[in-house]
Number of protein chains: 4
Amino acid sequence: MQSPTSSMKAAVLHAAKDLRFETVSRPKPDAGQCLVRIRANGLCGSDIHFFEDGKLGPFRVTTPYIPGHEAVGTVVETGPGVSDLAVGDRVVIEPGVPCRKCEYCHQGLYNLCPNVVFMSAPPVNGTFAEYAVVDTDFLYRVPSGLSDEEAALVEPVSVGVHACNRASVRPGSSAVIVGAGPIGLITLMVARAYGVTQAICVDVIEARLQKATEIGAHAVVNASRQDAVSAVMDLTGQKGADYVFEASGSSAGAALSPKLAARGGMVTLIGWPEVSEFAYPVELIIERELNVLGVNRYRNTFGPALELMTDGRIPVRELISHRFDFSDVVNAFQFASENRSATTKVVIVNGEEDL
Amino acid sequence: MQSPTSSMKAAVLHAAKDLRFETVSRPKPDAGQCLVRIRANGLCGSDIHFFEDGKLGPFRVTTPYIPGHEAVGTVVETGPGVSDLAVGDRVVIEPGVPCRKCEYCHQGLYNLCPNVVFMSAPPVNGTFAEYAVVDTDFLYRVPSGLSDEEAALVEPVSVGVHACNRASVRPGSSAVIVGAGPIGLITLMVARAYGVTQAICVDVIEARLQKATEIGAHAVVNASRQDAVSAVMDLTGQKGADYVFEASGSSAGAALSPKLAARGGMVTLIGWPEVSEFAYPVELIIERELNVLGVNRYRNTFGPALELMTDGRIPVRELISHRFDFSDVVNAFQFASENRSATTKVVIVNGEEDL
Amino acid sequence: MQSPTSSMKAAVLHAAKDLRFETVSRPKPDAGQCLVRIRANGLCGSDIHFFEDGKLGPFRVTTPYIPGHEAVGTVVETGPGVSDLAVGDRVVIEPGVPCRKCEYCHQGLYNLCPNVVFMSAPPVNGTFAEYAVVDTDFLYRVPSGLSDEEAALVEPVSVGVHACNRASVRPGSSAVIVGAGPIGLITLMVARAYGVTQAICVDVIEARLQKATEIGAHAVVNASRQDAVSAVMDLTGQKGADYVFEASGSSAGAALSPKLAARGGMVTLIGWPEVSEFAYPVELIIERELNVLGVNRYRNTFGPALELMTDGRIPVRELISHRFDFSDVVNAFQFASENRSATTKVVIVNGEEDL
Amino acid sequence: MQSPTSSMKAAVLHAAKDLRFETVSRPKPDAGQCLVRIRANGLCGSDIHFFEDGKLGPFRVTTPYIPGHEAVGTVVETGPGVSDLAVGDRVVIEPGVPCRKCEYCHQGLYNLCPNVVFMSAPPVNGTFAEYAVVDTDFLYRVPSGLSDEEAALVEPVSVGVHACNRASVRPGSSAVIVGAGPIGLITLMVARAYGVTQAICVDVIEARLQKATEIGAHAVVNASRQDAVSAVMDLTGQKGADYVFEASGSSAGAALSPKLAARGGMVTLIGWPEVSEFAYPVELIIERELNVLGVNRYRNTFGPALELMTDGRIPVRELISHRFDFSDVVNAFQFASENRSATTKVVIVNGEEDL
């Protein structure tokens with residue numbers, strides 16, 4: 001039996017559908033690292049994908065690993081040479097740690113670093129655990145104004161912030177968000193915080209569009225009931241939107257996006273479609289001189305995202321539909337997997353005591 | 001005596017201190033132009049300058065002319081070939097009309113057009129009149145949600161919008177606004193609308209800083225009572241501000257600005273200093289790799305400014321301190337001239353009937 | 001019979017395959033316009049398309065019109081109010097004249113103006129004539145160092161310049177040009193002038209790749225003989241190219257382009273593919289965070305293109321494969337249509353005397 | 001006596017004027033580092049400053065240290081974990097190594113890292129030695145086409161590349177370089193490589209302007225004989241230059257720069273003036289909407305600089321005026337100090353054998 005200080009409880013995914021709440025060894029901080037006691041986690045769609053299929057994109061579950069990468073916690077131990085953070089600091093974890101030495105890292109494009117180590121991408125362990133070890137420069141102090149639940153969502157908010165940065169959103173402009181799932185709704189919130197004054201959401205599920213309206217969409221379009229292109233053109237005076245964000249993660253949504261954009265507009269692709277190649281309106285990119293921009297996670301966004309959330313510009317609380325205790329993490333995965341369209345965002349809260 | 005339809009009342013500046021409310025001939029719209037019946041005007045500091053001194057920068061009052069360039073009105077007649085606007089449309093006037101044909105105009109930098117004709121820059125007539133003629137492409141329809149008083153302030157708001165565009169303000173960042181007069185307060189409001197999450201105002205007049213706090217400054221610094229540099233450094237964790245906007249129009253404010261900026265920061269100069277050359281911390285620009293950017297009026301800002309104001313992001317109403325009837329325009333100038341620090345923004349409202 | 005000063009010879013396309021060299025009325029310059037006596041024309045692929053099919057994209061030949069839009073000439077008459085140019089000036093014609101008043105024109109994005117009038121797009125007359133009338137602000141004085149033949153090619157060079165501007169090409173980087181026809185070869189030359197230090201051309205015709213090598217390609221890839229993706233990856237140290245320019249105008253070339261790009265790379269689409277929608281590697285845009293940018297003609301490029309050509313940076317002379325006299329223009333079209341792959345660039349030279 | 005493998009010869013500056021060629025201990029590579037045997041060094045103006053005055057800016061010689069930071073060498077030993085480079089590789093050294101973990105480093109602005117360790121800034125040792133240890137990610141393989149002498153100058157070329165990157169130089173534009181010393185001449189070369197088609201050099205020493213003409217300036221202005229502002233205005237059709245690079249390092253040059261710029265132009269400050277504050281034409285920045293940009297060393301430039309030099313775009317060889325053997329390094333400093341205006345660039349070459 002392991003001693004209390006060298007073990008911890010964690011959610012370990014052994015294979016598709018086989019998630020176990022079990023005891024594993026507790027990691028130790030090395031030079032420049034902190035040991036963080038996790039306080040809360042958001043449950044990401046990618047976690048559910050691994051839970052359901054045992055794979056996602058190029059990643060496969062071949063050995064047991066810990067999922068989770070939307071986490072807030074408290075520093076409980078610092079490794080040698082750590083001076084920026086201290087025991088007791090409440091921190092958010094940026095889960096992808098790059099090499100800091102390649103051409104991309106030198107240029108600040110660290111999300112494109114080919115050597116990035118991303119927590120929860122198997123076999124790298126993530127944050128559905130009592131503890132995690134993280135490099136200090138990828139931890140961010142959380143202002144007291146933010147709750148644990150909100151802070152856990154800095155990671156998905158970062159995706160929206162990076163998307164808006166990539167698109168260079170100008171205040172006073174119009175934007176269409178295709179897909180009103182968690183990432184789409186977050187992108188809507190972030191686009192509003194970036195000054196978009198006409199935000200239009202497109203989806204095929206009425207409940208999601210209802211939610212979009214609640215959190216600030218100026219108009220919604222149900223693409224299963226009306227022609228999305230003509231609806232958006234009508235809403236924008238036949239001009240099209242200055243910005244289109246594709247967050248549905250479907251080839252249909254991706255192929256629709258350029259058709260919704262104004263001449264010279266920005267089409268930002270966030271969601272990964274279910275197939276790698278499909279029919280796309282390429283001629284329109286040329287005719288309208290569009291800019292089609294990919295978004296792969298985020299870079300340099302955790303600081304600004306925390307600032308915007310603390311300033312009340314991104315009310316993520318409104319996205320949290322369900323809460324679970326960490327000891328109930330297996331049920332949480334099960335529930336989220338079985339109630340996809342009914343859940344917006346599930347948050348899992350660790351207790352104050354070790355389990 | 002002129003017939004009613006060919007004359008109008010106007011405020012005519014004959015020389016320094018000699019402003020007269022008198023009858024002049026009414027302009028007629030040419031091809032591509034509209035005749036606009038003015039509904040309201042904001043009173044700009046430059047109008048007051050001409051009133052007091054008969055000159056400003058390179059411009060001099062040599063023949064009588066009509067001041068005013070912050071105006072909203074109603075289209076009452078359209079010249080040949082006008083199809084974008086119709087009689088009855090409520091519109092805001094962009095007062096600087098460029099040649100549309102030079103290198104700068106072709107590039108969209110029309111505020112730098114050497115041939116720009118700016119209403120109210122003597123001898124060009126402005127908008128303190130019952131009517132004005134304007135090229136249709138420099139008129140912007142006003143949404144019903146904005147009052148006349150608010151709409152009259154789209155012009156000064158445009159200065160703040162252009163300043164924030166020039167600086168490429170990123171949401172979640174910090175900004176210092178030097179000078180809390182009308183343009184400084186507007187820049188504060190616009191910077192907030194652009195997502196600045198730490199806005200600091202610096203001035204030497206307590207009442208202005210009080211106003212800045214009311215409209216959203218997170219912190220204020222009275223530079224007559226404390227060292228502005230160390231105050232700003234303390235407020236920004238010794239980093240300096242990501243953005244500095246100089247809106248005091250003083251050499252002291254301009255020379256202070258780089259010292260308040262973070263490494264790599266943007267220093268945007270809006271206010272015209274009282275002298276053309278003065279001691280400036282040039283070495284700091286190099287050491288910190290600053291970007292010092294001039295702002296000369298605005299370009300392509302009226303549309304976005306209207307959008308942001310209609311969306312409630314820039315509550316200009318809070319800046320209006322005094323109102324006058326158009327028939328009382330001479331007193332309005334007199335009052336504003338004698339009560340500079342007590343007035344934030346004076347608005348002059350034309351009645352429904354011709355005078 | 002028309003008097004000499006009111007008529008001229010022109011190439012008039014009546015319908016597909018029906019190009020006639022005939023006498024038409026000579027246009028007269030209006031206010032702000034110049035009458036230009038044409039000295040030389042380049043023959044563009046789009047001219048040939050209309051000649052062969054009577055249509056191209058949304059345009060159709062329904063009434064007789066004059067093709068041609070790559071032209072240099074001499075100002076022989078100026079309309080009222082013209083002061084920038086004088087009779088005798090040798091000038092290049094920018095053939096697309098926008099409205100100068102819409103949102104796009106105000107922003108300098110005048111190639112996206114929905115009201116642009118483009119010479120040679122039926123039914124608008126072009127430059128295969130003795131004379132043409134052009135708005136003065138779209139005429140550019142030609143330095144004496146450039147021959148007529150070279151100056152006639154400023155228009156296609158502008159396409160390459162705009163493509164490199166859109167891509168924000170950084171000196172010292174790598175670029176792949178897909179397609180080594182006239183526009184591909186010009187883009188290669190321009191990319192070199194923009195500082196690209198590794199330029200790779202991809203085509204399926206050996207003679208074109210030969211030409212690409214002659215004018216400065218560092219490497220060429222014959223996609224009919226080797227796998228273009230692995231060839232480019234090998235040439236770039238498995239990184240991919242910083243910039244990819246698609247100039248083949250084929251769906252195969254367009255779909256290939258993202259696969260040749262490095263993470264974070266720019267994929268610029270110049271050539272119009274033969275179909276509007278086709279299978280495209282969209283997932284790669286997301287995975288590699290690519291920027292896929294459309295190019296539709298050009299804006300603000302004639303001045304810089306002339307500068308670069310005069311400075312010897314873009315040796316277009318090497319692209320001219322065939323010359324015809326203007327009186328032989330019908331044969332020129334016929335020849336170019338029948339010898340597509342054997343012609344790089346055909347230039348048609350007007351004589352000194354009226355015909 | 002030290003064993004051969006643990007000692008080396010170096011130029012050690014003990015105090016102003018007190019440079020000694022002596023034996024010091026040889027550094028050892030740690031994890032991620034390489035030991036580089038130096039092949040050649042350029043002699044920088046800042047080295048001479050320390051030699052003459054014992055101080056420069058905030059830096060002071062308080063303990064003996066080794067100057068030099070423009071160096072090429074051969075990897076002779078690799079520390080643990082080094083895989084990108086191997087013994088025998090010829091490499092250029094980027095002398096400033098940042099922390100890689102602060103906000104600036106994460107954003108790719110690593111030259112602004114407050115924790116940067118810069119070789120040859122006392123007390124950090126530099127490269128006027130037989131050996132130096134450098135972090136592997138700041139070493140760049142040198143293509144065989146470049147000689148040692150040329151490769152040693154990648155560092156100063158990087159300053160020009162960064163200046164042109166900061167200014168976003170567009171091909172086909174005009175540039176004035178103020179100051180035709182080594183950095184000015186390099187900036188001229190780089191600006192030409194970036195596509196500047198009208199390059200004008202301003203200096204007060206005729207011999208330097210002569211050199212500028214030799215290496216590609218289209219025009220030169222001797223500011224001691226003519227009014228530089230009117231000369232530049234005449235050369236640019238009264239428009240001013242699109243780009244101005246201040247490389248004189250004098251307050252006079254810095255104050256002159258904005259006056260040479262066109263409306264909307266870029267004024268890039270490279271040279272450190274002799275005083276920190278001085279009279280500056282600030283109003284002009286506003287009136288012309290200039291962009292005044294500081295340049296502090298460089299970032300992400302060594303790769304592109306090597307590419308451009310290898311491609312023959314930056315013929316630095318033409319700048320080398322004098323050569324010394326490393327054993328003669330003390331004389332080299334003495335000579336350069338006494339013949340400032342007669343030397344363009346001094347290169348010091350290490351022999352093949354240990355000394």
# chains A, B, ... in the order shown; residues from 1 in each chain; ligands from 1
>>> interface_residues(of="chain A", to="chain C", cutoff="7 Å", atoms="only C-alpha atoms", output="NGL selection string")
:A and (112 or 263 or 269-270 or 272-273 or 276-283 or 285-287 or 289-296)
>>> write_last_selection(atoms="N, CA, C and O atoms", output="mmCIF file, in the first residue's frame")
data_model
loop_
_atom_site.group_PDB
_atom_site.id
_atom_site.type_symbol
_atom_site.label_atom_id
_atom_site.label_comp_id
_atom_site.auth_asym_id
_atom_site.auth_seq_id
_atom_site.Cartn_x
_atom_site.Cartn_y
_atom_site.Cartn_z
ATOM 1 N N LEU A 112 2.090 25.630 -32.267
ATOM 2 C CA LEU A 112 2.503 24.888 -33.457
ATOM 3 C C LEU A 112 3.797 24.104 -33.240
ATOM 4 O O LEU A 112 4.286 23.444 -34.150
ATOM 5 N N ARG A 263 -17.328 39.930 -48.651
ATOM 6 C CA ARG A 263 -16.085 40.101 -49.405
ATOM 7 C C ARG A 263 -14.985 40.562 -48.462
ATOM 8 O O ARG A 263 -15.201 41.442 -47.628
ATOM 9 N N LEU A 269 -11.714 28.593 -38.786
ATOM 10 C CA LEU A 269 -12.132 27.203 -38.595
ATOM 11 C C LEU A 269 -11.620 26.696 -37.256
ATOM 12 O O LEU A 269 -10.411 26.544 -37.067
ATOM 13 N N ILE A 270 -12.541 26.427 -36.334
ATOM 14 C CA ILE A 270 -12.172 25.968 -34.998
ATOM 15 C C ILE A 270 -12.444 24.473 -34.851
ATOM 16 O O ILE A 270 -11.622 23.731 -34.350
ATOM 17 N N TRP A 272 -12.950 20.553 -35.529
ATOM 18 C CA TRP A 272 -12.367 19.544 -36.414
ATOM 19 C C TRP A 272 -13.474 18.755 -37.072
ATOM 20 O O TRP A 272 -14.252 18.102 -36.392
ATOM 21 N N PRO A 273 -13.536 18.780 -38.404
ATOM 22 C CA PRO A 273 -14.605 18.031 -39.076
ATOM 23 C C PRO A 273 -14.384 16.530 -38.954
ATOM 24 O O PRO A 273 -13.285 16.070 -38.629
ATOM 25 N N SER A 276 -11.331 14.326 -43.220
ATOM 26 C CA SER A 276 -10.252 15.278 -43.463
ATOM 27 C C SER A 276 -10.430 16.072 -44.749
ATOM 28 O O SER A 276 -10.036 17.227 -44.825
ATOM 29 N N GLU A 277 -11.040 15.474 -45.773
ATOM 30 C CA GLU A 277 -11.268 16.182 -47.036
ATOM 31 C C GLU A 277 -12.736 16.092 -47.408
ATOM 32 O O GLU A 277 -13.364 15.044 -47.228
ATOM 33 N N PHE A 278 -13.265 17.171 -47.949
ATOM 34 C CA PHE A 278 -14.660 17.143 -48.395
ATOM 35 C C PHE A 278 -14.903 18.332 -49.323
ATOM 36 O O PHE A 278 -14.051 19.235 -49.430
ATOM 37 N N ALA A 279 -16.052 18.322 -49.981
ATOM 38 C CA ALA A 279 -16.373 19.361 -50.974
ATOM 39 C C ALA A 279 -16.410 20.725 -50.308
ATOM 40 O O ALA A 279 -17.131 20.936 -49.331
ATOM 41 N N TYR A 280 -15.641 21.651 -50.861
ATOM 42 C CA TYR A 280 -15.483 22.962 -50.235
ATOM 43 C C TYR A 280 -15.604 24.043 -51.312
ATOM 44 O O TYR A 280 -15.092 23.881 -52.420
ATOM 45 N N PRO A 281 -16.278 25.182 -50.994
ATOM 46 C CA PRO A 281 -16.482 26.221 -52.013
ATOM 47 C C PRO A 281 -15.240 27.089 -52.212
ATOM 48 O O PRO A 281 -15.208 28.262 -51.830
ATOM 49 N N VAL A 282 -14.231 26.500 -52.821
ATOM 50 C CA VAL A 282 -12.930 27.157 -52.948
ATOM 51 C C VAL A 282 -13.005 28.409 -53.827
ATOM 52 O O VAL A 282 -12.378 29.427 -53.540
ATOM 53 N N GLU A 283 -13.810 28.340 -54.882
ATOM 54 C CA GLU A 283 -13.890 29.485 -55.790
ATOM 55 C C GLU A 283 -14.326 30.744 -55.057
ATOM 56 O O GLU A 283 -13.874 31.855 -55.356
ATOM 57 N N ILE A 285 -13.599 31.622 -52.093
ATOM 58 C CA ILE A 285 -12.450 32.213 -51.394
ATOM 59 C C ILE A 285 -11.749 33.204 -52.305
ATOM 60 O O ILE A 285 -11.331 34.288 -51.879
ATOM 61 N N ILE A 286 -11.638 32.832 -53.586
ATOM 62 C CA ILE A 286 -10.972 33.693 -54.560
ATOM 63 C C ILE A 286 -11.864 34.875 -54.926
ATOM 64 O O ILE A 286 -11.438 36.028 -54.886
ATOM 65 N N GLU A 287 -13.119 34.568 -55.259
ATOM 66 C CA GLU A 287 -14.025 35.610 -55.736
ATOM 67 C C GLU A 287 -14.196 36.711 -54.685
ATOM 68 O O GLU A 287 -14.143 37.891 -55.000
ATOM 69 N N GLU A 289 -12.219 37.153 -52.077
ATOM 70 C CA GLU A 289 -10.944 37.397 -51.379
ATOM 71 C C GLU A 289 -11.075 37.134 -49.884
ATOM 72 O O GLU A 289 -10.723 37.967 -49.038
ATOM 73 N N LEU A 290 -11.562 35.949 -49.557
ATOM 74 C CA LEU A 290 -11.704 35.575 -48.156
ATOM 75 C C LEU A 290 -10.365 35.193 -47.556
ATOM 76 O O LEU A 290 -9.383 34.945 -48.269
ATOM 77 N N ASN A 291 -10.358 35.130 -46.246
ATOM 78 C CA ASN A 291 -9.214 34.657 -45.478
ATOM 79 C C ASN A 291 -9.715 33.492 -44.637
ATOM 80 O O ASN A 291 -10.509 33.701 -43.712
ATOM 81 N N VAL A 292 -9.287 32.291 -44.976
ATOM 82 C CA VAL A 292 -9.727 31.107 -44.238
ATOM 83 C C VAL A 292 -8.590 30.693 -43.308
ATOM 84 O O VAL A 292 -7.497 30.332 -43.758
ATOM 85 N N LEU A 293 -8.849 30.776 -42.005
ATOM 86 C CA LEU A 293 -7.784 30.662 -41.003
ATOM 87 C C LEU A 293 -8.041 29.488 -40.081
ATOM 88 O O LEU A 293 -9.126 29.387 -39.485
ATOM 89 N N GLY A 294 -7.076 28.614 -39.946
ATOM 90 C CA GLY A 294 -7.208 27.510 -39.012
ATOM 91 C C GLY A 294 -6.901 27.925 -37.582
ATOM 92 O O GLY A 294 -6.105 28.839 -37.346
ATOM 93 N N VAL A 295 -7.552 27.236 -36.650
ATOM 94 C CA VAL A 295 -7.291 27.466 -35.223
ATOM 95 C C VAL A 295 -6.976 26.127 -34.579
ATOM 96 O O VAL A 295 -7.785 25.210 -34.619
ATOM 97 N N ASN A 296 -5.791 26.005 -34.027
ATOM 98 C CA ASN A 296 -5.383 24.772 -33.360
ATOM 99 C C ASN A 296 -5.020 25.122 -31.919
ATOM 100 O O ASN A 296 -3.924 25.617 -31.641
#
>>> select_by_dssp(residues="stretch 51-255 of chain C", states="strand (DSSP E or B)", output="tab-separated table (two decimals) with C-alpha atoms, in the first residue's frame")
chain	number	residue	atom	x	y	z
C	55	LYS	CA	-18.01	33.47	-71.66
C	56	LEU	CA	-15.94	33.31	-68.50
C	59	PHE	CA	-19.50	37.19	-67.84
C	60	ARG	CA	-21.00	36.45	-71.24
C	65	TYR	CA	-17.17	44.45	-77.34
C	70	GLU	CA	-2.93	44.81	-70.37
C	71	ALA	CA	-2.05	48.05	-72.07
C	72	VAL	CA	0.39	50.91	-72.33
C	73	GLY	CA	-0.18	54.03	-74.37
C	74	THR	CA	0.34	57.75	-74.76
C	75	VAL	CA	-1.98	60.47	-73.49
C	76	VAL	CA	-3.21	62.33	-76.60
C	77	GLU	CA	-6.06	64.35	-75.11
C	78	THR	CA	-7.14	65.30	-71.61
C	90	ARG	CA	3.42	57.51	-71.66
C	91	VAL	CA	1.10	55.64	-69.30
C	92	VAL	CA	0.02	52.22	-68.16
C	93	ILE	CA	-3.70	51.57	-67.75
C	96	GLY	CA	-10.60	48.20	-63.21
C	97	VAL	CA	-12.16	51.48	-62.10
C	117	VAL	CA	-16.10	48.69	-64.04
C	118	PHE	CA	-13.48	46.44	-65.57
C	129	ALA	CA	-7.99	49.34	-80.06
C	131	TYR	CA	-7.56	54.48	-78.45
C	132	ALA	CA	-9.11	54.11	-75.03
C	133	VAL	CA	-10.50	56.55	-72.49
C	134	VAL	CA	-9.47	56.03	-68.86
C	135	ASP	CA	-10.00	57.88	-65.57
C	139	LEU	CA	-3.22	55.85	-65.31
C	140	TYR	CA	0.42	55.55	-64.23
C	141	ARG	CA	3.35	57.31	-65.85
C	174	SER	CA	10.52	29.59	-48.87
C	175	ALA	CA	7.71	29.52	-51.40
C	176	VAL	CA	6.10	26.99	-53.68
C	177	ILE	CA	4.37	28.19	-56.83
C	178	VAL	CA	1.86	25.65	-58.12
C	198	GLN	CA	13.89	29.19	-51.81
C	199	ALA	CA	11.42	29.22	-54.69
C	200	ILE	CA	10.02	25.88	-55.86
C	201	CYS	CA	7.80	25.50	-58.93
C	202	VAL	CA	5.36	22.65	-59.41
C	203	ASP	CA	3.78	21.86	-62.77
C	219	ALA	CA	13.96	23.78	-57.64
C	220	VAL	CA	11.17	22.39	-59.79
C	221	VAL	CA	8.84	19.46	-59.26
C	222	ASN	CA	7.08	17.68	-62.12
C	241	ALA	CA	6.90	25.89	-47.51
C	242	ASP	CA	6.31	29.16	-45.69
C	243	TYR	CA	4.22	30.33	-48.66
C	244	VAL	CA	2.27	28.44	-51.29
C	245	PHE	CA	0.88	30.25	-54.32
C	246	GLU	CA	-1.72	28.38	-56.35
>>> residues_around(residues="B:Asp311", least_positions_apart="4", cutoff="9 Å", atoms="only C-alpha atoms", output="MDAnalysis selection string")
(chainID A and resid 172 197:198) or (chainID B and resid 145 306:307)
>>> atom_distance(atom1="atom CA of B:Phe302", atom2="atom CA of B:Leu146")
13.8 Å
>>> residues_around(residues="stretch 9-21 of chain D", least_positions_apart="6", cutoff="7 Å", atoms="only C-alpha atoms", output="list in words")
Phe50, Phe51, Glu52, Asp53, Gly54, Val61, Thr63, Pro64, Tyr65, Ile66, Phe128, Ala129, Glu130, Val329, Val330 and Leu355 of chain D
>>> closest_residue(among="B:Val157, B:Asp137, B:Glu353, B:Thr236", to="C:His106", atoms="only C-alpha atoms")
B:Asp137
>>> select_by_dssp(residues="stretch 119-220 of chain B", states="helix (DSSP H, G or I)", output="NGL selection string")
:B and (136-138 or 148-151 or 154-166 or 182-193 or 206-214)
>>> residues_around(residues="C:Asp148", least_positions_apart="2", cutoff="7 Å", atoms="only C-alpha atoms", output="ChimeraX atom specification")
/C:39-40,72,146,150-152
